[in-house]
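K.L.:
Below is coords.pdb; it holds PDB, C-alpha atoms.
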ATOM      1  CA  MET N   1       6.862  -5.776 -30.888  1.00  0.00           C
ATOM      2  CA  SER N   2       8.807  -9.026 -30.948  1.00  0.00           C
ATOM      3  CA  GLU N   3       7.751 -12.045 -28.970  1.00  0.00           C
ATOM      4  CA  GLN N   4      10.050 -13.226 -26.227  1.00  0.00           C
ATOM      5  CA  PRO N   5      11.198 -16.830 -26.540  1.00  0.00           C
ATOM      6  CA  ALA N   6      10.322 -19.250 -23.776  1.00  0.00           C
ATOM      7  CA  ALA N   7      12.778 -19.155 -20.885  1.00  0.00           C
ATOM      8  CA  SER N   8      15.777 -21.317 -21.611  1.00  0.00           C
ATOM      9  CA  ALA N   9      17.552 -23.386 -18.972  1.00  0.00           C
ATOM     10  CA  ALA N  10      20.260 -20.708 -18.720  1.00  0.00           C
ATOM     11  CA  HIS N  11      17.663 -18.062 -17.869  1.00  0.00           C
ATOM     12  CA  ALA N  12      15.234 -20.111 -15.771  1.00  0.00           C
ATOM     13  CA  ARG N  13      13.431 -18.212 -13.054  1.00  0.00           C
ATOM     14  CA  GLN N  14      14.364 -18.989  -9.493  1.00  0.00           C
ATOM     15  CA  GLN N  15      11.406 -20.353  -7.576  1.00  0.00           C
ATOM     16  CA  LEU N  16      10.599 -18.881  -4.169  1.00  0.00           C
ATOM     17  CA  GLU N  17      10.185 -20.862  -1.010  1.00  0.00           C
ATOM     18  CA  PRO N  18       6.467 -21.454  -0.296  1.00  0.00           C
ATOM     19  CA  ALA N  19       6.505 -19.154   2.742  1.00  0.00           C
ATOM     20  CA  ALA N  20       8.181 -16.368   0.744  1.00  0.00           C
ATOM     21  CA  ALA N  21       5.666 -16.775  -2.092  1.00  0.00           C
ATOM     22  CA  ASP N  22       2.790 -16.630   0.403  1.00  0.00           C
ATOM     23  CA  GLY N  23       4.238 -13.468   1.942  1.00  0.00           C
ATOM     24  CA  LEU N  24       4.608 -11.885  -1.469  1.00  0.00           C
ATOM     25  CA  ARG N  25       1.013 -12.745  -2.350  1.00  0.00           C
ATOM     26  CA  ALA N  26      -0.180 -11.240   0.938  1.00  0.00           C
ATOM     27  CA  TYR N  27       1.785  -8.050   0.217  1.00  0.00           C
ATOM     28  CA  ALA N  28       0.288  -7.878  -3.277  1.00  0.00           C
ATOM     29  CA  ALA N  29      -3.215  -8.322  -1.857  1.00  0.00           C
ATOM     30  CA  LYS N  30      -2.669  -5.546   0.724  1.00  0.00           C
ATOM     31  CA  THR N  31      -1.225  -3.240  -1.938  1.00  0.00           C
ATOM     32  CA  ARG N  32      -4.212  -3.951  -4.191  1.00  0.00           C
ATOM     33  CA  GLU N  33      -6.601  -3.257  -1.281  1.00  0.00           C
ATOM     34  CA  ASN N  34      -4.885   0.079  -0.562  1.00  0.00           C
ATOM     35  CA  ALA N  35      -5.038   1.038  -4.246  1.00  0.00           C
ATOM     36  CA  ASP N  36      -8.744   0.177  -4.360  1.00  0.00           C
ATOM     37  CA  GLN N  37      -9.390   2.366  -1.306  1.00  0.00           C
ATOM     38  CA  LEU N  38      -7.500   5.274  -2.858  1.00  0.00           C
ATOM     39  CA  ALA N  39      -9.385   4.836  -6.142  1.00  0.00           C
ATOM     40  CA  ALA N  40     -12.704   4.868  -4.263  1.00  0.00           C
ATOM     41  CA  VAL N  41     -11.782   8.126  -2.518  1.00  0.00           C
ATOM     42  CA  LEU N  42     -10.718   9.747  -5.789  1.00  0.00           C
ATOM     43  CA  GLU N  43     -13.912   8.603  -7.518  1.00  0.00           C
ATOM     44  CA  ASP N  44     -15.983  10.027  -4.648  1.00  0.00           C
ATOM     45  CA  ILE N  45     -14.174  13.373  -4.933  1.00  0.00           C
ATOM     46  CA  ALA N  46     -14.689  13.377  -8.703  1.00  0.00           C
ATOM     47  CA  THR N  47     -18.405  12.664  -8.248  1.00  0.00           C
ATOM     48  CA  ASN N  48     -19.198  14.812  -5.207  1.00  0.00           C
ATOM     49  CA  GLY N  49     -16.406  17.371  -5.057  1.00  0.00           C
ATOM     50  CA  LEU N  50     -14.059  18.061  -2.170  1.00  0.00           C
ATOM     51  CA  PRO N  51     -15.421  17.737   1.378  1.00  0.00           C
ATOM     52  CA  SER N  52     -15.882  20.881   3.444  1.00  0.00           C
ATOM     53  CA  VAL N  53     -13.010  21.959   5.657  1.00  0.00           C
ATOM     54  CA  GLU N  54     -15.164  21.386   8.747  1.00  0.00           C
ATOM     55  CA  ASP N  55     -15.554  17.701   7.811  1.00  0.00           C
ATOM     56  CA  CYS N  56     -11.807  17.125   7.432  1.00  0.00           C
ATOM     57  CA  THR N  57      -9.103  16.224   9.933  1.00  0.00           C
ATOM     58  CA  PRO N  58      -6.001  18.429   9.805  1.00  0.00           C
ATOM     59  CA  TRP N  59      -2.983  16.572   8.460  1.00  0.00           C
ATOM     60  CA  GLU N  60      -1.003  17.382  11.600  1.00  0.00           C
ATOM     61  CA  GLU N  61      -3.490  15.378  13.696  1.00  0.00           C
ATOM     62  CA  LEU N  62      -3.341  12.491  11.242  1.00  0.00           C
ATOM     63  CA  ARG N  63       0.466  12.566  11.326  1.00  0.00           C
ATOM     64  CA  GLU N  64       0.619  12.569  15.120  1.00  0.00           C
ATOM     65  CA  ALA N  65      -1.878   9.705  15.371  1.00  0.00           C
ATOM     66  CA  HIS N  66       0.122   7.686  12.856  1.00  0.00           C
ATOM     67  CA  LEU N  67       3.406   8.366  14.662  1.00  0.00           C
ATOM     68  CA  ALA N  68       1.788   7.294  17.953  1.00  0.00           C
ATOM     69  CA  ARG N  69       0.630   4.016  16.318  1.00  0.00           C
ATOM     70  CA  LEU N  70       4.145   3.394  15.002  1.00  0.00           C
ATOM     71  CA  ALA N  71       5.702   4.144  18.396  1.00  0.00           C
ATOM     72  CA  ALA N  72       3.274   1.761  20.122  1.00  0.00           C
ATOM     73  CA  LYS N  73       4.332  -1.066  17.778  1.00  0.00           C
ATOM     74  CA  ARG N  74       8.052  -0.498  18.340  1.00  0.00           C
ATOM     75  CA  PRO N  75       9.607  -1.871  21.529  1.00  0.00           C
ATOM     76  CA  ALA N  76      11.123   0.721  23.827  1.00  0.00           C
ATOM     77  CA  VAL N  77      14.877   1.057  23.846  1.00  0.00           C
ATOM     78  CA  ALA N  78      16.495   0.745  27.287  1.00  0.00           C
TER      79      ALA N  78
END
The structure in this file should be written as structure tokens.

P.N.:
Amino acid sequence: MSEQPAASAAHARQQLEPAAADGLRAYAAKTRENADQLAAVLEDIATNGLPSVEDCTPWEELREAHLARLAAKRPAVA
């Protein structure tokens, strides 16, 4: 594998505005948090097996609850 040369002036990276960089860092942190939660669930399933059907929420209920949350966030159209 060849090493990449240091960025030349012709290929310099464009710096982000501070607010944009902060937003990108926040998005990365949230994505990392979500990935950690998913990994924890998968590790729990690997260790303890799948939960019983009685302990689970049907996906239809989860979908409807999520759609209701999305609708509540969105302003109504006149």

K.L.:
Report, in Å with one decimal, the straight-line distance from CA of Ala39 in chain N to CA of Val53 in chain N.

P.N.:
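So the two atoms, CA of Ala39 in chain N and CA of Val53 in chain N, lie 21.1 Å apart.
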
K.L.:
Between CA of Pro51 in chain N and CA of Ala65 in chain N, what distance in Å does the model show, to one decimal?

P.N.:
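We find that CA of Pro51 in chain N and CA of Ala65 in chain N lie 21.1 Å from each other.
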
K.L.:
Between CA of Ala28 in chain N and CA of Gln15 in chain N, measure the distance and give it in Å to one decimal.

P.N.:
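Value for the CA of Ala28 in chain N-CA of Gln15 in chain N distance: 17.3 Å.
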
K.L.:
As a PDB file, in the frame of the given file, could you write out range 17-28 of chain N once it has been completed with N, CA, C and O atoms?

P.N.:
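As written to disk, result-v7.pdb reads:
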ATOM      1  N   GLU N  17      10.654 -19.932  -2.031  1.00  0.00           N
ATOM      2  CA  GLU N  17      10.185 -20.862  -1.010  1.00  0.00           C
ATOM      3  C   GLU N  17       8.691 -20.618  -0.819  1.00  0.00           C
ATOM      4  O   GLU N  17       8.221 -19.482  -0.992  1.00  0.00           O
ATOM      5  N   PRO N  18       7.915 -21.636  -0.464  1.00  0.00           N
ATOM      6  CA  PRO N  18       6.467 -21.454  -0.296  1.00  0.00           C
ATOM      7  C   PRO N  18       6.095 -20.326   0.676  1.00  0.00           C
ATOM      8  O   PRO N  18       5.184 -19.554   0.404  1.00  0.00           O
ATOM      9  N   ALA N  19       6.814 -20.219   1.775  1.00  0.00           N
ATOM     10  CA  ALA N  19       6.505 -19.154   2.742  1.00  0.00           C
ATOM     11  C   ALA N  19       6.779 -17.780   2.141  1.00  0.00           C
ATOM     12  O   ALA N  19       6.010 -16.828   2.363  1.00  0.00           O
ATOM     13  N   ALA N  20       7.860 -17.649   1.384  1.00  0.00           N
ATOM     14  CA  ALA N  20       8.181 -16.368   0.744  1.00  0.00           C
ATOM     15  C   ALA N  20       7.135 -16.019  -0.307  1.00  0.00           C
ATOM     16  O   ALA N  20       6.715 -14.858  -0.420  1.00  0.00           O
ATOM     17  N   ALA N  21       6.699 -17.013  -1.076  1.00  0.00           N
ATOM     18  CA  ALA N  21       5.666 -16.775  -2.092  1.00  0.00           C
ATOM     19  C   ALA N  21       4.353 -16.359  -1.434  1.00  0.00           C
ATOM     20  O   ALA N  21       3.671 -15.443  -1.912  1.00  0.00           O
ATOM     21  N   ASP N  22       4.011 -17.003  -0.316  1.00  0.00           N
ATOM     22  CA  ASP N  22       2.790 -16.630   0.403  1.00  0.00           C
ATOM     23  C   ASP N  22       2.884 -15.206   0.934  1.00  0.00           C
ATOM     24  O   ASP N  22       1.922 -14.437   0.867  1.00  0.00           O
ATOM     25  N   GLY N  23       4.046 -14.831   1.448  1.00  0.00           N
ATOM     26  CA  GLY N  23       4.238 -13.468   1.942  1.00  0.00           C
ATOM     27  C   GLY N  23       4.137 -12.450   0.825  1.00  0.00           C
ATOM     28  O   GLY N  23       3.549 -11.372   1.004  1.00  0.00           O
ATOM     29  N   LEU N  24       4.680 -12.786  -0.319  1.00  0.00           N
ATOM     30  CA  LEU N  24       4.608 -11.885  -1.469  1.00  0.00           C
ATOM     31  C   LEU N  24       3.173 -11.722  -1.959  1.00  0.00           C
ATOM     32  O   LEU N  24       2.735 -10.616  -2.286  1.00  0.00           O
ATOM     33  N   ARG N  25       2.430 -12.826  -1.965  1.00  0.00           N
ATOM     34  CA  ARG N  25       1.013 -12.745  -2.350  1.00  0.00           C
ATOM     35  C   ARG N  25       0.218 -11.894  -1.353  1.00  0.00           C
ATOM     36  O   ARG N  25      -0.652 -11.121  -1.753  1.00  0.00           O
ATOM     37  N   ALA N  26       0.511 -12.040  -0.078  1.00  0.00           N
ATOM     38  CA  ALA N  26      -0.180 -11.240   0.938  1.00  0.00           C
ATOM     39  C   ALA N  26       0.135  -9.758   0.757  1.00  0.00           C
ATOM     40  O   ALA N  26      -0.754  -8.904   0.875  1.00  0.00           O
ATOM     41  N   TYR N  27       1.398  -9.444   0.460  1.00  0.00           N
ATOM     42  CA  TYR N  27       1.785  -8.050   0.217  1.00  0.00           C
ATOM     43  C   TYR N  27       1.073  -7.500  -1.013  1.00  0.00           C
ATOM     44  O   TYR N  27       0.580  -6.367  -1.004  1.00  0.00           O
ATOM     45  N   ALA N  28       0.987  -8.308  -2.059  1.00  0.00           N
ATOM     46  CA  ALA N  28       0.288  -7.878  -3.277  1.00  0.00           C
ATOM     47  C   ALA N  28      -1.182  -7.629  -2.991  1.00  0.00           C
ATOM     48  O   ALA N  28      -1.758  -6.641  -3.465  1.00  0.00           O
TER      49      ALA N  28
END
